[in-house]
There are 2 protein chains.
Amino acid sequence: MTRRSYDQYCGLAGALDLVGERWTLLIVRELMTGPKRYTDLADALRGIGTSLLAQRLAKLEADGILVRGRMAAPAASMVYKLTETGEELGRALMPLVLWGLRHAVPEEPAEGVQVRAEWSLLAFTHSADPATLAGIEATFEFVVDGTSAMLRIEGGRASVVQADGSTEPDATIRIKASTVAAVGSGRMSVIEATAAGRVEIEGDPEAVEALIVAFGSTL
Amino acid sequence: MTRRSYDQYCGLAGALDLVGERWTLLIVRELMTGPKRYTDLADALRGIGTSLLAQRLAKLEADGILVRGRMAAPAASMVYKLTETGEELGRALMPLVLWGLRHAVPEEPAEGVQVRAEWSLLAFTHSADPATLAGIEATFEFVVDGTSAMLRIEGGRASVVQADGSTEPDATIRIKASTVAAVGSGRMSVIEATAAGRVEIEGDPEAVEALIVAFGSTL
DNA sequence: CGGAATCCTCTTCGATACTG
DNA sequence: CAGTATCGAAGAGGATTCCG
């Protein structure tokens, strides 16, 4: 294991020495939406190859970016979860996510490209003003191209969580990945998307109204 | 050229498809401090290999992140410079730079590790409050472990520029790379570093005072 | 079934040498 | 100065196998 390094005394070079290798930042992205098992990761990161995933996880653990833990009682299996350092890295990646959305992601997902609601929603966790979010406490289920994820707003912060059957959302929103991308990248406002009938809403109208206000004001 | 892609409809994955390969973000970092020639880049990016550098530059140009241009009259040579998209990418990288400084860069540069004043100063361009910077218009030369770069403050923004002989700084500051890193990462305040005699200052005391206030208040 | 190690092939990287 | 050509070494991807 000849740890390849840029050998530069620089924050960016140091960061890339730790997390610049192929797949590594995508593993971090997966864990930004909550702890995951090995197979959850392998499933989301199509093409990674089981061996490389194990290697990356071991290195991330050694570098203090994630920890390995055991799940609660019944499903006594291993989970990977970000440390505080890892969470901080996740927050530092958000501007890059938005840049990618504006400049690297096509309007429509190409044939054969993987789509996940979790990834689409990532753009929203840092693009609303905390002051506007304060006061809202609600959970929204987004169904994006057949996949589903929850956007949880609480304590002035929005976060993406995995859609497990256990939590009941206040509202369910059906929307195409391309519409989420258009809104997240600033090409279209929430208001415009709604007006254009590109958003299908079901559930508590009051919660939805708050959501639109929160994100409509910044997007 | 079998463009390897993650094939995921996600801002981060898209960004990494464009700029996630080895050396690519470091090339962007180099250009964040102004246009550079091929040999300037090859010199700063020790170990890259001339062939790979050429390949990366061609791809970055094709993707609209940089443009190739010709320098002014006498030195009729080629320069590479960021497009607006590239500049935006540079700004999106700043949180990652700071994360790296806090979690990936050792207190002291290890033996054989490259040190450049430009890299050290990068941490400061986004860590002062614009309101505090407003009103300052000055140029500071930092001499860091034998290398030199300018921090230019103007219009409420701080930026790193290359130290060419042509501009005369208002003050010159001699400081070790490890001290810059300690301050940039928040482990030490500007005030502490100055009090500890780790900063050697020469030049206009008024400008230096303003600098310390601007960065002392946030760090 | 979750969590890997092994093996093999292919791609990418790094270094040196060479050219307009 | 600004690259191209080449080649051995390292890394990635896919399939298969193994273990608890």
# chains A, B, ... in the order shown; residues from 1 in each chain; ligands from 1
>>> closest_atom_pairs(of="chain D", to="chain B", cutoff="8 Å", atoms="only C-alpha atoms (C1' of nucleotides)", output="JSON lines")
{"residue": "D:DC1", "atom": "C1'", "partner": "B:Thr39", "partner_atom": "CA", "distance": 7.4}
{"residue": "D:DA2", "atom": "C1'", "partner": "B:Tyr38", "partner_atom": "CA", "distance": 6.8}
{"residue": "D:DG3", "atom": "C1'", "partner": "B:Ala54", "partner_atom": "CA", "distance": 7.1}
{"residue": "D:DT4", "atom": "C1'", "partner": "B:Ser51", "partner_atom": "CA", "distance": 7.5}
>>> write_last_selection(atoms="N, CA and C atoms (P, O5', C5', C4', C3', O3' and C1' of nucleotides)", output="mmCIF file, in the first residue's frame")
data_model
loop_
_atom_site.group_PDB
_atom_site.id
_atom_site.type_symbol
_atom_site.label_atom_id
_atom_site.label_comp_id
_atom_site.auth_asym_id
_atom_site.auth_seq_id
_atom_site.Cartn_x
_atom_site.Cartn_y
_atom_site.Cartn_z
ATOM 1 P P DC D 1 11.202 28.668 -20.160
ATOM 2 O "O5'" DC D 1 10.234 28.511 -21.403
ATOM 3 C "C5'" DC D 1 9.604 29.604 -22.016
ATOM 4 C "C4'" DC D 1 8.672 29.018 -23.026
ATOM 5 C "C3'" DC D 1 7.532 28.207 -22.394
ATOM 6 O "O3'" DC D 1 6.305 28.645 -22.964
ATOM 7 C "C1'" DC D 1 8.679 26.891 -24.013
ATOM 8 P P DA D 2 4.936 28.121 -22.325
ATOM 9 O "O5'" DA D 2 4.608 26.839 -23.201
ATOM 10 C "C5'" DA D 2 4.281 27.026 -24.567
ATOM 11 C "C4'" DA D 2 4.121 25.685 -25.205
ATOM 12 C "C3'" DA D 2 3.184 24.732 -24.437
ATOM 13 O "O3'" DA D 2 2.292 24.112 -25.355
ATOM 14 C "C1'" DA D 2 5.195 23.672 -24.927
ATOM 15 P P DG D 3 0.888 23.577 -24.788
ATOM 16 O "O5'" DG D 3 1.240 22.217 -24.024
ATOM 17 C "C5'" DG D 3 0.917 21.021 -24.642
ATOM 18 C "C4'" DG D 3 2.054 20.543 -25.539
ATOM 19 C "C3'" DG D 3 2.035 19.067 -25.830
ATOM 20 O "O3'" DG D 3 1.177 18.822 -26.927
ATOM 21 C "C1'" DG D 3 4.257 19.911 -25.565
ATOM 22 P P DT D 4 0.429 17.417 -26.992
ATOM 23 O "O5'" DT D 4 1.511 16.430 -27.624
ATOM 24 C "C5'" DT D 4 1.845 16.508 -29.006
ATOM 25 C "C4'" DT D 4 2.858 15.420 -29.323
ATOM 26 C "C3'" DT D 4 2.312 13.994 -29.155
ATOM 27 O "O3'" DT D 4 2.770 13.229 -30.259
ATOM 28 C "C1'" DT D 4 4.246 14.261 -27.840
#
>>> interface_residues(of="chain B", to="chain A", cutoff="6 Å", atoms="only C-alpha atoms", output="count of residues only")
21
>>> select_by_dssp(residues="range 59-177 of chain B", states="alpha helix (DSSP H)", output="ChimeraX atom specification")
/B:59-62,84-103,117-121,130-133,177
>>> write_last_selection(atoms="C-alpha atoms", output="compact mmCIF listing (two decimals), in the first residue's frame")
# COMPACT_ATOMS: atom_id res chain seq x y z
CA LYS B 59 -9.85 18.19 -20.98
CA LEU B 60 -10.37 21.22 -18.74
CA GLU B 61 -10.43 23.43 -21.82
CA ALA B 62 -12.88 21.13 -23.59
CA GLU B 84 -16.19 32.16 -15.15
CA THR B 85 -17.24 28.54 -14.61
CA GLY B 86 -13.71 27.78 -13.46
CA GLU B 87 -13.68 30.74 -11.06
CA GLU B 88 -16.97 29.54 -9.64
CA LEU B 89 -15.44 26.11 -9.13
CA GLY B 90 -12.54 27.76 -7.35
CA ARG B 91 -14.91 29.47 -4.93
CA ALA B 92 -16.76 26.21 -4.36
CA LEU B 93 -13.48 24.59 -3.35
CA MET B 94 -12.70 26.99 -0.54
CA PRO B 95 -14.60 25.08 2.17
CA LEU B 96 -12.71 21.97 1.13
CA VAL B 97 -9.43 23.86 1.43
CA LEU B 98 -10.34 24.88 4.97
CA TRP B 99 -11.45 21.36 5.86
CA GLY B 100 -8.15 20.03 4.61
CA LEU B 101 -6.28 22.59 6.63
CA ARG B 102 -8.10 21.55 9.77
CA HIS B 103 -8.06 17.80 9.29
CA ALA B 117 3.22 30.99 -0.09
CA GLU B 118 0.35 31.05 -2.60
CA TRP B 119 -1.08 27.83 -1.22
CA SER B 120 -0.77 28.97 2.36
CA LEU B 121 -2.59 32.21 1.73
CA PRO B 130 -16.43 41.37 3.57
CA ALA B 131 -17.83 44.14 5.74
CA THR B 132 -14.61 44.25 7.74
CA LEU B 133 -12.51 44.19 4.59
CA ALA B 177 4.04 27.98 6.62
>>> interface_residues(of="chain C", to="chain A", cutoff="10 Å", atoms="only C-alpha atoms (C1' of nucleotides)", output="MDAnalysis selection string")
chainID C and resid 2:6
>>> write_last_selection(atoms="all heavy atoms", output="mmCIF file, in the first residue's frame")
data_model
loop_
_atom_site.group_PDB
_atom_site.id
_atom_site.type_symbol
_atom_site.label_atom_id
_atom_site.label_comp_id
_atom_site.auth_asym_id
_atom_site.auth_seq_id
_atom_site.Cartn_x
_atom_site.Cartn_y
_atom_site.Cartn_z
ATOM 1 P P DG C 2 -27.869 -8.812 2.694
ATOM 2 O OP1 DG C 2 -28.938 -7.813 2.844
ATOM 3 O OP2 DG C 2 -27.277 -9.082 1.353
ATOM 4 O "O5'" DG C 2 -26.667 -8.418 3.653
ATOM 5 C "C5'" DG C 2 -26.851 -8.363 5.060
ATOM 6 C "C4'" DG C 2 -25.503 -8.481 5.729
ATOM 7 O "O4'" DG C 2 -24.901 -9.750 5.393
ATOM 8 C "C3'" DG C 2 -24.509 -7.409 5.283
ATOM 9 O "O3'" DG C 2 -23.752 -6.985 6.405
ATOM 10 C "C2'" DG C 2 -23.644 -8.124 4.247
ATOM 11 C "C1'" DG C 2 -23.633 -9.551 4.783
ATOM 12 N N9 DG C 2 -23.491 -10.579 3.756
ATOM 13 C C8 DG C 2 -24.166 -10.670 2.565
ATOM 14 N N7 DG C 2 -23.823 -11.711 1.862
ATOM 15 C C5 DG C 2 -22.858 -12.346 2.635
ATOM 16 C C6 DG C 2 -22.116 -13.528 2.389
ATOM 17 O O6 DG C 2 -22.159 -14.279 1.412
ATOM 18 N N1 DG C 2 -21.238 -13.816 3.440
ATOM 19 C C2 DG C 2 -21.100 -13.066 4.572
ATOM 20 N N2 DG C 2 -20.215 -13.491 5.470
ATOM 21 N N3 DG C 2 -21.788 -11.953 4.816
ATOM 22 C C4 DG C 2 -22.645 -11.658 3.807
ATOM 23 P P DG C 3 -22.688 -5.777 6.227
ATOM 24 O OP1 DG C 3 -22.554 -5.157 7.540
ATOM 25 O OP2 DG C 3 -23.106 -4.990 5.062
ATOM 26 O "O5'" DG C 3 -21.336 -6.527 5.875
ATOM 27 C "C5'" DG C 3 -20.676 -7.258 6.901
ATOM 28 C "C4'" DG C 3 -19.381 -7.818 6.362
ATOM 29 O "O4'" DG C 3 -19.691 -8.845 5.390
ATOM 30 C "C3'" DG C 3 -18.490 -6.800 5.635
ATOM 31 O "O3'" DG C 3 -17.163 -6.930 6.117
ATOM 32 C "C2'" DG C 3 -18.590 -7.232 4.180
ATOM 33 C "C1'" DG C 3 -18.745 -8.725 4.352
ATOM 34 N N9 DG C 3 -19.245 -9.454 3.200
ATOM 35 C C8 DG C 3 -20.219 -9.062 2.317
ATOM 36 N N7 DG C 3 -20.442 -9.931 1.368
ATOM 37 C C5 DG C 3 -19.555 -10.976 1.644
ATOM 38 C C6 DG C 3 -19.329 -12.196 0.957
ATOM 39 O O6 DG C 3 -19.892 -12.616 -0.049
ATOM 40 N N1 DG C 3 -18.347 -12.961 1.572
ATOM 41 C C2 DG C 3 -17.656 -12.593 2.705
ATOM 42 N N2 DG C 3 -16.744 -13.446 3.149
ATOM 43 N N3 DG C 3 -17.860 -11.453 3.351
ATOM 44 C C4 DG C 3 -18.818 -10.695 2.771
ATOM 45 P P DA C 4 -16.143 -5.703 5.887
ATOM 46 O OP1 DA C 4 -14.890 -6.004 6.620
ATOM 47 O OP2 DA C 4 -16.873 -4.464 6.146
ATOM 48 O "O5'" DA C 4 -15.861 -5.786 4.313
ATOM 49 C "C5'" DA C 4 -14.568 -6.116 3.886
ATOM 50 C "C4'" DA C 4 -14.413 -7.624 3.760
ATOM 51 O "O4'" DA C 4 -15.559 -8.162 3.064
ATOM 52 C "C3'" DA C 4 -13.218 -8.015 2.915
ATOM 53 O "O3'" DA C 4 -12.148 -8.358 3.772
ATOM 54 C "C2'" DA C 4 -13.685 -9.204 2.107
ATOM 55 C "C1'" DA C 4 -15.171 -9.362 2.464
ATOM 56 N N9 DA C 4 -15.983 -9.542 1.270
ATOM 57 C C8 DA C 4 -16.937 -8.686 0.784
ATOM 58 N N7 DA C 4 -17.528 -9.115 -0.312
ATOM 59 C C5 DA C 4 -16.912 -10.343 -0.554
ATOM 60 C C6 DA C 4 -17.089 -11.305 -1.557
ATOM 61 N N6 DA C 4 -17.964 -11.161 -2.548
ATOM 62 N N1 DA C 4 -16.329 -12.409 -1.506
ATOM 63 C C2 DA C 4 -15.444 -12.543 -0.514
ATOM 64 N N3 DA C 4 -15.204 -11.714 0.504
ATOM 65 C C4 DA C 4 -15.970 -10.617 0.417
ATOM 66 P P DA C 5 -10.668 -8.102 3.212
ATOM 67 O OP1 DA C 5 -9.787 -7.998 4.408
ATOM 68 O OP2 DA C 5 -10.728 -7.017 2.238
ATOM 69 O "O5'" DA C 5 -10.294 -9.450 2.444
ATOM 70 C "C5'" DA C 5 -9.842 -10.583 3.180
ATOM 71 C "C4'" DA C 5 -9.485 -11.687 2.197
ATOM 72 O "O4'" DA C 5 -10.621 -11.894 1.319
ATOM 73 C "C3'" DA C 5 -8.301 -11.358 1.286
ATOM 74 O "O3'" DA C 5 -7.555 -12.543 1.049
ATOM 75 C "C2'" DA C 5 -8.965 -10.858 0.016
ATOM 76 C "C1'" DA C 5 -10.229 -11.713 -0.026
ATOM 77 N N9 DA C 5 -11.351 -11.080 -0.725
ATOM 78 C C8 DA C 5 -11.918 -9.872 -0.440
ATOM 79 N N7 DA C 5 -12.929 -9.561 -1.234
ATOM 80 C C5 DA C 5 -13.017 -10.639 -2.084
ATOM 81 C C6 DA C 5 -13.885 -10.919 -3.156
ATOM 82 N N6 DA C 5 -14.862 -10.104 -3.555
ATOM 83 N N1 DA C 5 -13.704 -12.090 -3.813
ATOM 84 C C2 DA C 5 -12.729 -12.919 -3.411
ATOM 85 N N3 DA C 5 -11.856 -12.756 -2.412
ATOM 86 C C4 DA C 5 -12.063 -11.588 -1.789
ATOM 87 P P DT C 6 -6.154 -12.417 0.154
ATOM 88 O OP1 DT C 6 -5.043 -12.758 1.038
ATOM 89 O OP2 DT C 6 -6.136 -11.132 -0.566
ATOM 90 O "O5'" DT C 6 -6.310 -13.603 -0.919
ATOM 91 C "C5'" DT C 6 -7.594 -13.964 -1.329
ATOM 92 C "C4'" DT C 6 -7.578 -14.602 -2.709
ATOM 93 O "O4'" DT C 6 -8.758 -14.131 -3.419
ATOM 94 C "C3'" DT C 6 -6.398 -14.261 -3.613
ATOM 95 O "O3'" DT C 6 -6.097 -15.407 -4.415
ATOM 96 C "C2'" DT C 6 -6.914 -13.103 -4.456
ATOM 97 C "C1'" DT C 6 -8.397 -13.469 -4.610
ATOM 98 N N1 DT C 6 -9.319 -12.293 -4.752
ATOM 99 C C2 DT C 6 -10.349 -12.377 -5.658
ATOM 100 O O2 DT C 6 -10.553 -13.367 -6.345
ATOM 101 N N3 DT C 6 -11.140 -11.263 -5.725
ATOM 102 C C4 DT C 6 -11.002 -10.090 -4.994
ATOM 103 O O4 DT C 6 -11.780 -9.156 -5.144
ATOM 104 C C5 DT C 6 -9.893 -10.078 -4.070
ATOM 105 C C7 DT C 6 -9.664 -8.861 -3.230
ATOM 106 C C6 DT C 6 -9.108 -11.163 -3.994
#
>>> residues_around(residues="DA12 in chain D", least_positions_apart="3", cutoff="9 Å", atoms="only C-alpha atoms (C1' of nucleotides)", output="PyMOL selection string")
(chain A and resi 22+48-49+52) or (chain C and resi 10-12)
